[in-house]
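*Asks:* The structure file input_24.pdb (PDB, C-alpha atoms) is provided below.
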```pdb
MODEL        1
ATOM      1  CA  MET A   1      13.757  -6.534 -12.001  1.00  0.00           C
ATOM      2  CA  LEU A   2      16.391  -4.412 -10.281  1.00  0.00           C
ATOM      3  CA  LEU A   3      15.162  -1.227  -8.625  1.00  0.00           C
ATOM      4  CA  CYS A   4      17.315   1.849  -8.204  1.00  0.00           C
ATOM      5  CA  LYS A   5      20.057   1.892  -5.554  1.00  0.00           C
ATOM      6  CA  MET A   6      19.476  -0.375  -2.613  1.00  0.00           C
ATOM      7  CA  ALA A   7      17.550   1.230   0.209  1.00  0.00           C
ATOM      8  CA  LYS A   8      16.584   0.712   3.821  1.00  0.00           C
ATOM      9  CA  ILE A   9      12.802   0.229   3.759  1.00  0.00           C
ATOM     10  CA  LEU A  10      10.479   0.063   6.768  1.00  0.00           C
ATOM     11  CA  VAL A  11       7.223  -1.869   6.263  1.00  0.00           C
ATOM     12  CA  VAL A  12       4.546  -0.953   8.828  1.00  0.00           C
ATOM     13  CA  ASP A  13       1.481  -3.198   8.805  1.00  0.00           C
ATOM     14  CA  ASP A  14      -0.537  -5.074  11.406  1.00  0.00           C
ATOM     15  CA  SER A  15      -0.891  -7.975   8.958  1.00  0.00           C
ATOM     16  CA  GLU A  16       2.036 -10.379   9.212  1.00  0.00           C
ATOM     17  CA  ILE A  17       1.191 -11.729   5.757  1.00  0.00           C
ATOM     18  CA  SER A  18       1.372  -8.257   4.193  1.00  0.00           C
ATOM     19  CA  ARG A  19       4.685  -7.546   5.915  1.00  0.00           C
ATOM     20  CA  ASP A  20       6.078 -10.876   4.726  1.00  0.00           C
ATOM     21  CA  VAL A  21       4.984 -10.373   1.104  1.00  0.00           C
ATOM     22  CA  ILE A  22       6.686  -6.976   0.858  1.00  0.00           C
ATOM     23  CA  ARG A  23       9.736  -8.191   2.805  1.00  0.00           C
ATOM     24  CA  SER A  24      10.198 -11.171   0.478  1.00  0.00           C
ATOM     25  CA  LEU A  25       9.675  -9.129  -2.666  1.00  0.00           C
ATOM     26  CA  LEU A  26      12.102  -6.372  -1.711  1.00  0.00           C
ATOM     27  CA  THR A  27      14.711  -8.559  -0.017  1.00  0.00           C
ATOM     28  CA  GLU A  28      15.130 -10.322  -3.375  1.00  0.00           C
ATOM     29  CA  GLU A  29      16.103  -6.916  -4.771  1.00  0.00           C
ATOM     30  CA  GLY A  30      18.811  -6.499  -2.151  1.00  0.00           C
ATOM     31  CA  HIS A  31      17.031  -3.906  -0.012  1.00  0.00           C
ATOM     32  CA  GLU A  32      17.377  -3.906   3.767  1.00  0.00           C
ATOM     33  CA  ILE A  33      13.879  -4.454   5.146  1.00  0.00           C
ATOM     34  CA  LEU A  34      12.703  -3.482   8.617  1.00  0.00           C
ATOM     35  CA  THR A  35       9.198  -4.218   9.884  1.00  0.00           C
ATOM     36  CA  ALA A  36       6.801  -2.871  12.483  1.00  0.00           C
ATOM     37  CA  ARG A  37       3.363  -4.129  13.580  1.00  0.00           C
ATOM     38  CA  ASP A  38       1.616  -0.774  14.052  1.00  0.00           C
ATOM     39  CA  GLY A  39       2.089   2.963  13.759  1.00  0.00           C
ATOM     40  CA  GLU A  40       3.612   3.461  17.203  1.00  0.00           C
ATOM     41  CA  GLU A  41       6.214   0.755  16.640  1.00  0.00           C
ATOM     42  CA  GLY A  42       6.737   2.145  13.137  1.00  0.00           C
ATOM     43  CA  LEU A  43       7.417   5.645  14.461  1.00  0.00           C
ATOM     44  CA  GLU A  44       9.911   4.346  17.027  1.00  0.00           C
ATOM     45  CA  THR A  45      11.664   2.238  14.393  1.00  0.00           C
ATOM     46  CA  ALA A  46      11.757   5.076  11.869  1.00  0.00           C
ATOM     47  CA  LEU A  47      13.294   7.528  14.318  1.00  0.00           C
ATOM     48  CA  ARG A  48      15.855   4.954  15.476  1.00  0.00           C
ATOM     49  CA  GLU A  49      16.760   3.357  12.103  1.00  0.00           C
ATOM     50  CA  ASN A  50      16.413   6.258   9.615  1.00  0.00           C
ATOM     51  CA  PRO A  51      14.946   4.342   6.661  1.00  0.00           C
ATOM     52  CA  ASN A  52      14.944   5.788   3.145  1.00  0.00           C
ATOM     53  CA  LEU A  53      11.331   4.720   2.604  1.00  0.00           C
ATOM     54  CA  ILE A  54       8.350   3.707   4.720  1.00  0.00           C
ATOM     55  CA  ILE A  55       5.502   1.632   3.331  1.00  0.00           C
ATOM     56  CA  THR A  56       2.633   1.890   5.803  1.00  0.00           C
ATOM     57  CA  ASP A  57      -0.821   0.394   6.021  1.00  0.00           C
ATOM     58  CA  HIS A  58      -3.679   2.821   6.597  1.00  0.00           C
ATOM     59  CA  ASN A  59      -5.816   1.009   9.159  1.00  0.00           C
ATOM     60  CA  MET A  60      -3.816  -0.259  12.156  1.00  0.00           C
ATOM     61  CA  PRO A  61      -4.248  -0.434  15.923  1.00  0.00           C
ATOM     62  CA  ARG A  62      -2.619   2.099  18.278  1.00  0.00           C
ATOM     63  CA  MET A  63      -1.695   4.564  15.478  1.00  0.00           C
ATOM     64  CA  SER A  64      -3.045   4.694  11.929  1.00  0.00           C
ATOM     65  CA  GLY A  65      -0.839   5.008   8.892  1.00  0.00           C
ATOM     66  CA  LEU A  66      -2.094   8.561   8.376  1.00  0.00           C
ATOM     67  CA  ASP A  67      -1.184   9.542  11.932  1.00  0.00           C
ATOM     68  CA  LEU A  68       2.225   7.908  11.487  1.00  0.00           C
ATOM     69  CA  CYS A  69       2.817   9.932   8.319  1.00  0.00           C
ATOM     70  CA  ARG A  70       1.686  13.128  10.044  1.00  0.00           C
ATOM     71  CA  ARG A  71       4.090  12.549  12.955  1.00  0.00           C
ATOM     72  CA  LEU A  72       6.950  11.748  10.602  1.00  0.00           C
ATOM     73  CA  SER A  73       6.268  14.838   8.494  1.00  0.00           C
ATOM     74  CA  GLU A  74       6.785  16.919  11.654  1.00  0.00           C
ATOM     75  CA  GLN A  75      10.018  15.185  12.650  1.00  0.00           C
ATOM     76  CA  ARG A  76      11.632  13.627   9.549  1.00  0.00           C
ATOM     77  CA  LYS A  77      10.737  15.223   6.223  1.00  0.00           C
ATOM     78  CA  ASP A  78      13.548  13.325   4.480  1.00  0.00           C
ATOM     79  CA  ILE A  79      11.869   9.900   4.751  1.00  0.00           C
ATOM     80  CA  LYS A  80       9.853   8.970   1.669  1.00  0.00           C
ATOM     81  CA  LEU A  81       6.365   7.541   2.267  1.00  0.00           C
ATOM     82  CA  ILE A  82       4.014   5.132   0.490  1.00  0.00           C
ATOM     83  CA  TRP A  83       0.665   4.215   2.024  1.00  0.00           C
ATOM     84  CA  THR A  84      -1.336   1.034   1.473  1.00  0.00           C
ATOM     85  CA  SER A  85      -4.836  -0.181   2.134  1.00  0.00           C
ATOM     86  CA  ALA A  86      -7.298  -2.904   1.235  1.00  0.00           C
ATOM     87  CA  MET A  87      -9.742  -0.176   0.181  1.00  0.00           C
ATOM     88  CA  SER A  88     -10.273   0.327  -3.525  1.00  0.00           C
ATOM     89  CA  GLU A  89      -8.391   3.053  -5.368  1.00  0.00           C
ATOM     90  CA  TYR A  90     -11.719   4.872  -5.666  1.00  0.00           C
ATOM     91  CA  GLU A  91     -12.208   4.782  -1.864  1.00  0.00           C
ATOM     92  CA  ALA A  92      -8.560   5.747  -1.341  1.00  0.00           C
ATOM     93  CA  ARG A  93      -9.136   9.096  -3.073  1.00  0.00           C
ATOM     94  CA  GLU A  94     -10.851  10.281   0.121  1.00  0.00           C
ATOM     95  CA  TYR A  95      -7.554   9.918   2.020  1.00  0.00           C
ATOM     96  CA  ASP A  96      -5.072  10.648  -0.745  1.00  0.00           C
ATOM     97  CA  LEU A  97      -4.937  14.433  -0.217  1.00  0.00           C
ATOM     98  CA  ALA A  98      -4.390  13.991   3.519  1.00  0.00           C
ATOM     99  CA  TYR A  99      -1.530  11.570   2.849  1.00  0.00           C
ATOM    100  CA  LYS A 100      -0.029  13.845   0.188  1.00  0.00           C
ATOM    101  CA  ALA A 101      -0.063  16.709   2.712  1.00  0.00           C
ATOM    102  CA  THR A 102       2.261  14.586   4.884  1.00  0.00           C
ATOM    103  CA  GLY A 103       4.639  13.941   1.990  1.00  0.00           C
ATOM    104  CA  ALA A 104       3.360  10.495   0.994  1.00  0.00           C
ATOM    105  CA  SER A 105       3.768  10.184  -2.741  1.00  0.00           C
ATOM    106  CA  ALA A 106       2.144   6.879  -3.720  1.00  0.00           C
ATOM    107  CA  PHE A 107      -0.651   4.459  -2.870  1.00  0.00           C
ATOM    108  CA  LEU A 108      -0.492   0.655  -3.129  1.00  0.00           C
ATOM    109  CA  SER A 109      -3.714  -1.331  -3.104  1.00  0.00           C
ATOM    110  CA  LYS A 110      -3.922  -4.601  -1.166  1.00  0.00           C
ATOM    111  CA  PRO A 111      -3.869  -7.479  -1.617  1.00  0.00           C
ATOM    112  CA  TYR A 112      -0.502  -7.171  -3.299  1.00  0.00           C
ATOM    113  CA  MET A 113      -1.088  -8.855  -6.642  1.00  0.00           C
ATOM    114  CA  ASP A 114       0.723  -6.688  -9.202  1.00  0.00           C
ATOM    115  CA  PHE A 115       4.377  -6.987  -8.214  1.00  0.00           C
ATOM    116  CA  ASP A 116       5.473  -4.962 -11.266  1.00  0.00           C
ATOM    117  CA  GLU A 117       3.324  -2.057 -10.032  1.00  0.00           C
ATOM    118  CA  ILE A 118       4.921  -2.311  -6.579  1.00  0.00           C
ATOM    119  CA  HIS A 119       8.388  -2.217  -8.161  1.00  0.00           C
ATOM    120  CA  ARG A 120       7.482   0.754 -10.386  1.00  0.00           C
ATOM    121  CA  LYS A 121       6.032   2.824  -7.560  1.00  0.00           C
ATOM    122  CA  ILE A 122       8.900   2.130  -5.172  1.00  0.00           C
ATOM    123  CA  LYS A 123      11.473   2.892  -7.847  1.00  0.00           C
ATOM    124  CA  LYS A 124       9.719   6.169  -8.672  1.00  0.00           C
ATOM    125  CA  VAL A 125       9.446   7.219  -5.008  1.00  0.00           C
ATOM    126  CA  LEU A 126      13.111   6.392  -4.378  1.00  0.00           C
ATOM    127  CA  GLY A 127      14.064   8.561  -7.332  1.00  0.00           C
ATOM    128  CA  GLY A 128      14.863   6.021  -9.993  1.00  0.00           C
ATOM    129  CA  ASN A 129      12.635   6.931 -12.963  1.00  0.00           C
TER     130      ASN A 129
ENDMDL
END
```
Reformat the file's structure so that it appears as structure tokens.
*Replies:*
Amino acid sequence: MLLCKMAKILVVDDSEISRDVIRSLLTEEGHEILTARDGEEGLETALRENPNLIITDHNMPRMSGLDLCRRLSEQRKDIKLIWTSAMSEYEAREYDLAYKATGASAFLSKPYMDFDEIHRKIKKVLGGN
């Protein structure tokens, strides 16, 4: 399943397994994948590498995904954002408005089981129907 144009995507997650799953899935599509282990490293990488999209976990040490999105919304409004969490979609509603206020436009639930859903959401966020 080919997504829209190839993009530089930063995956920020303290779980190596989660980073690897997304990296493998999107590398197969031809995207350039960068990774970071927490929000602080993610912010540094984003400002240095200028990704098209950031996929960030919510709950991480040193800086949460929400704080990362807030900082990026102050400095780099052009970077598209997707947030992820192991919480249920019902629980995620509590945070969804806060993430949307930062410019995040989609939520992915972990564990990553529905790869078609991941493809659809990323394609939509990157602007490819």
*Asks:* Run through the PyMOL selection byres ((chain A and resi 61-74) around 10) on the given coordinates and return the selected residues as a ChimeraX atom specification.
*Replies:* /A:12-14,37-43,46-47,54-60,75-85,95-96,98-104
*Asks:* Any chance you could resolve the PyMOL selection byres ((chain A and resi 119) around 9) against this file and give the residues as number ranges by chain?
*Replies:* A: 1-3, 25-26, 114-118, 120-124
*Asks:* Have a look at atom CA of Met87 of chain A and atom CA of Ser15 of chain A and let me know their distance in Å, one decimal.
*Replies:*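 Value for the atom CA of Met87 of chain A-atom CA of Ser15 of chain A distance: 14.7 Å.
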*Asks:* Give the padded box for segment 13-21 of chain A as lines of an AutoDock Vina configuration file: axis-aligned, covering all atoms listed in the file, 8 Å on each side, centre and edge lengths in Å to one decimal.
*Replies:*
```
center_x = 2.6
center_y = -7.5
center_z = 6.3
size_x = 23.0
size_y = 24.5
size_z = 26.3
```
*Asks:* Counting all atoms listed in the file, figure out which residue out of A:Ile33, A:Lys8, A:Ile17, A:Val125 gets nearest to Tyr112 of chain A.
*Replies:*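 Result for the nearest residue to Tyr112 of chain A: A:Ile17.
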*Asks:* For a quick check of understanding, using all atoms listed in the file, which of A:Leu126, A:Glu44, A:Leu108, A:Arg93 has the smallest distance to Ile22 of chain A?
*Replies:*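 Selected residue with least distance to Ile22 of chain A: A:Leu108.
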*Asks:* Distance atom CA of Met113 of chain A-atom CA of Thr45 of chain A, one decimal place?
*Replies:*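 Result for atom CA of Met113 of chain A versus atom CA of Thr45 of chain A: 27.0 Å, one decimal.
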*Asks:* Hey, can you check how far atom CA of Glu91 of chain A sits from atom CA of Ala106 of chain A?
*Replies:*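 For atom CA of Glu91 of chain A relative to atom CA of Ala106 of chain A, the distance reads 14.6 Å.
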*Asks:* Quick one: apply the PyMOL selection byres ((chain A and resi 31) around 9) to the file and drop the selected residues here as a JSON list (two decimals) with C-alpha atoms, keeping the file's coordinate frame.
*Replies:*
```
[["chain", "number", "residue", "atom", "x", "y", "z"],
["A", 5, "LYS", "CA", 20.06, 1.89, -5.55],
["A", 6, "MET", "CA", 19.48, -0.38, -2.61],
["A", 7, "ALA", "CA", 17.55, 1.23, 0.21],
["A", 8, "LYS", "CA", 16.58, 0.71, 3.82],
["A", 9, "ILE", "CA", 12.80, 0.23, 3.76],
["A", 23, "ARG", "CA", 9.74, -8.19, 2.80],
["A", 26, "LEU", "CA", 12.10, -6.37, -1.71],
["A", 27, "THR", "CA", 14.71, -8.56, -0.02],
["A", 28, "GLU", "CA", 15.13, -10.32, -3.38],
["A", 29, "GLU", "CA", 16.10, -6.92, -4.77],
["A", 30, "GLY", "CA", 18.81, -6.50, -2.15],
["A", 32, "GLU", "CA", 17.38, -3.91, 3.77],
["A", 33, "ILE", "CA", 13.88, -4.45, 5.15]]
```
*Asks:* Which residue gives the smallest distance to Asn50 of chain A among A:Tyr90, A:Leu10, A:Asp20, A:Phe107, with all atoms listed in the file counted?
*Replies:*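 Ranking A:Tyr90, A:Leu10, A:Asp20, A:Phe107 by distance to Asn50 of chain A, first place goes to A:Leu10.
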*Asks:* Please, can segment 53-85 of chain A be completed to N, CA and C atoms and returned as a short mmCIF file (atom, residue, chain, number, x, y, z; two decimals), keeping the file's coordinate frame?
*Replies:*
```cif
data_model
loop_
_atom_site.label_atom_id
_atom_site.label_comp_id
_atom_site.auth_asym_id
_atom_site.auth_seq_id
_atom_site.Cartn_x
_atom_site.Cartn_y
_atom_site.Cartn_z
N LEU A 53 12.73 4.82 3.02
CA LEU A 53 11.33 4.72 2.60
C LEU A 53 10.54 3.97 3.66
N ILE A 54 9.29 4.43 3.87
CA ILE A 54 8.35 3.71 4.72
C ILE A 54 7.13 3.36 3.88
N ILE A 55 6.75 2.09 3.94
CA ILE A 55 5.50 1.63 3.33
C ILE A 55 4.59 1.30 4.49
N THR A 56 3.50 2.06 4.64
CA THR A 56 2.63 1.89 5.80
C THR A 56 1.20 1.59 5.42
N ASP A 57 0.61 0.68 6.16
CA ASP A 57 -0.82 0.39 6.02
C ASP A 57 -1.60 1.58 6.58
N HIS A 58 -2.83 1.73 6.12
CA HIS A 58 -3.68 2.82 6.60
C HIS A 58 -4.33 2.48 7.94
N ASN A 59 -5.01 1.35 7.99
CA ASN A 59 -5.82 1.01 9.16
C ASN A 59 -5.06 0.04 10.07
N MET A 60 -4.56 0.56 11.20
CA MET A 60 -3.82 -0.26 12.16
C MET A 60 -4.20 0.13 13.57
N PRO A 61 -3.99 -0.78 14.52
CA PRO A 61 -4.25 -0.43 15.92
C PRO A 61 -3.19 0.53 16.45
N ARG A 62 -3.49 1.19 17.53
CA ARG A 62 -2.62 2.10 18.28
C ARG A 62 -2.29 3.40 17.53
N MET A 63 -1.94 3.35 16.26
CA MET A 63 -1.70 4.56 15.48
C MET A 63 -1.90 4.22 14.01
N SER A 64 -2.77 4.97 13.34
CA SER A 64 -3.04 4.69 11.93
C SER A 64 -1.85 5.09 11.06
N GLY A 65 -1.87 4.62 9.84
CA GLY A 65 -0.84 5.01 8.89
C GLY A 65 -0.83 6.51 8.64
N LEU A 66 -2.02 7.12 8.59
CA LEU A 66 -2.09 8.56 8.38
C LEU A 66 -1.48 9.32 9.55
N ASP A 67 -1.78 8.89 10.77
CA ASP A 67 -1.18 9.54 11.93
C ASP A 67 0.33 9.34 11.97
N LEU A 68 0.79 8.16 11.58
CA LEU A 68 2.22 7.91 11.49
C LEU A 68 2.87 8.87 10.50
N CYS A 69 2.27 9.02 9.33
CA CYS A 69 2.82 9.93 8.32
C CYS A 69 2.81 11.38 8.80
N ARG A 70 1.74 11.76 9.50
CA ARG A 70 1.69 13.13 10.04
C ARG A 70 2.81 13.36 11.06
N ARG A 71 3.02 12.41 11.95
CA ARG A 71 4.09 12.55 12.96
C ARG A 71 5.46 12.60 12.29
N LEU A 72 5.66 11.75 11.29
CA LEU A 72 6.95 11.75 10.60
C LEU A 72 7.17 13.04 9.83
N SER A 73 6.10 13.60 9.26
CA SER A 73 6.27 14.84 8.49
C SER A 73 6.68 15.99 9.40
N GLU A 74 6.37 15.90 10.69
CA GLU A 74 6.78 16.92 11.65
C GLU A 74 8.24 16.74 12.08
N GLN A 75 8.71 15.49 12.09
CA GLN A 75 10.02 15.18 12.65
C GLN A 75 11.07 14.79 11.62
N ARG A 76 10.68 14.18 10.51
CA ARG A 76 11.63 13.63 9.55
C ARG A 76 11.12 13.79 8.13
N LYS A 77 11.24 14.97 7.57
CA LYS A 77 10.74 15.22 6.22
C LYS A 77 11.53 14.51 5.14
N ASP A 78 12.70 13.97 5.47
CA ASP A 78 13.55 13.32 4.48
C ASP A 78 13.15 11.88 4.18
N ILE A 79 12.29 11.28 4.98
CA ILE A 79 11.87 9.90 4.75
C ILE A 79 10.73 9.89 3.73
N LYS A 80 10.89 9.09 2.70
CA LYS A 80 9.85 8.97 1.67
C LYS A 80 8.77 8.02 2.16
N LEU A 81 7.52 8.28 1.73
CA LEU A 81 6.36 7.54 2.27
C LEU A 81 5.47 7.00 1.16
N ILE A 82 5.04 5.75 1.33
CA ILE A 82 4.01 5.13 0.49
C ILE A 82 2.98 4.56 1.45
N TRP A 83 1.69 4.79 1.16
CA TRP A 83 0.66 4.22 2.02
C TRP A 83 -0.09 3.13 1.28
N THR A 84 -0.62 2.17 2.04
CA THR A 84 -1.34 1.03 1.47
C THR A 84 -2.66 0.83 2.20
N SER A 85 -3.56 0.15 1.52
CA SER A 85 -4.84 -0.18 2.13
C SER A 85 -5.54 -1.23 1.30
#
```
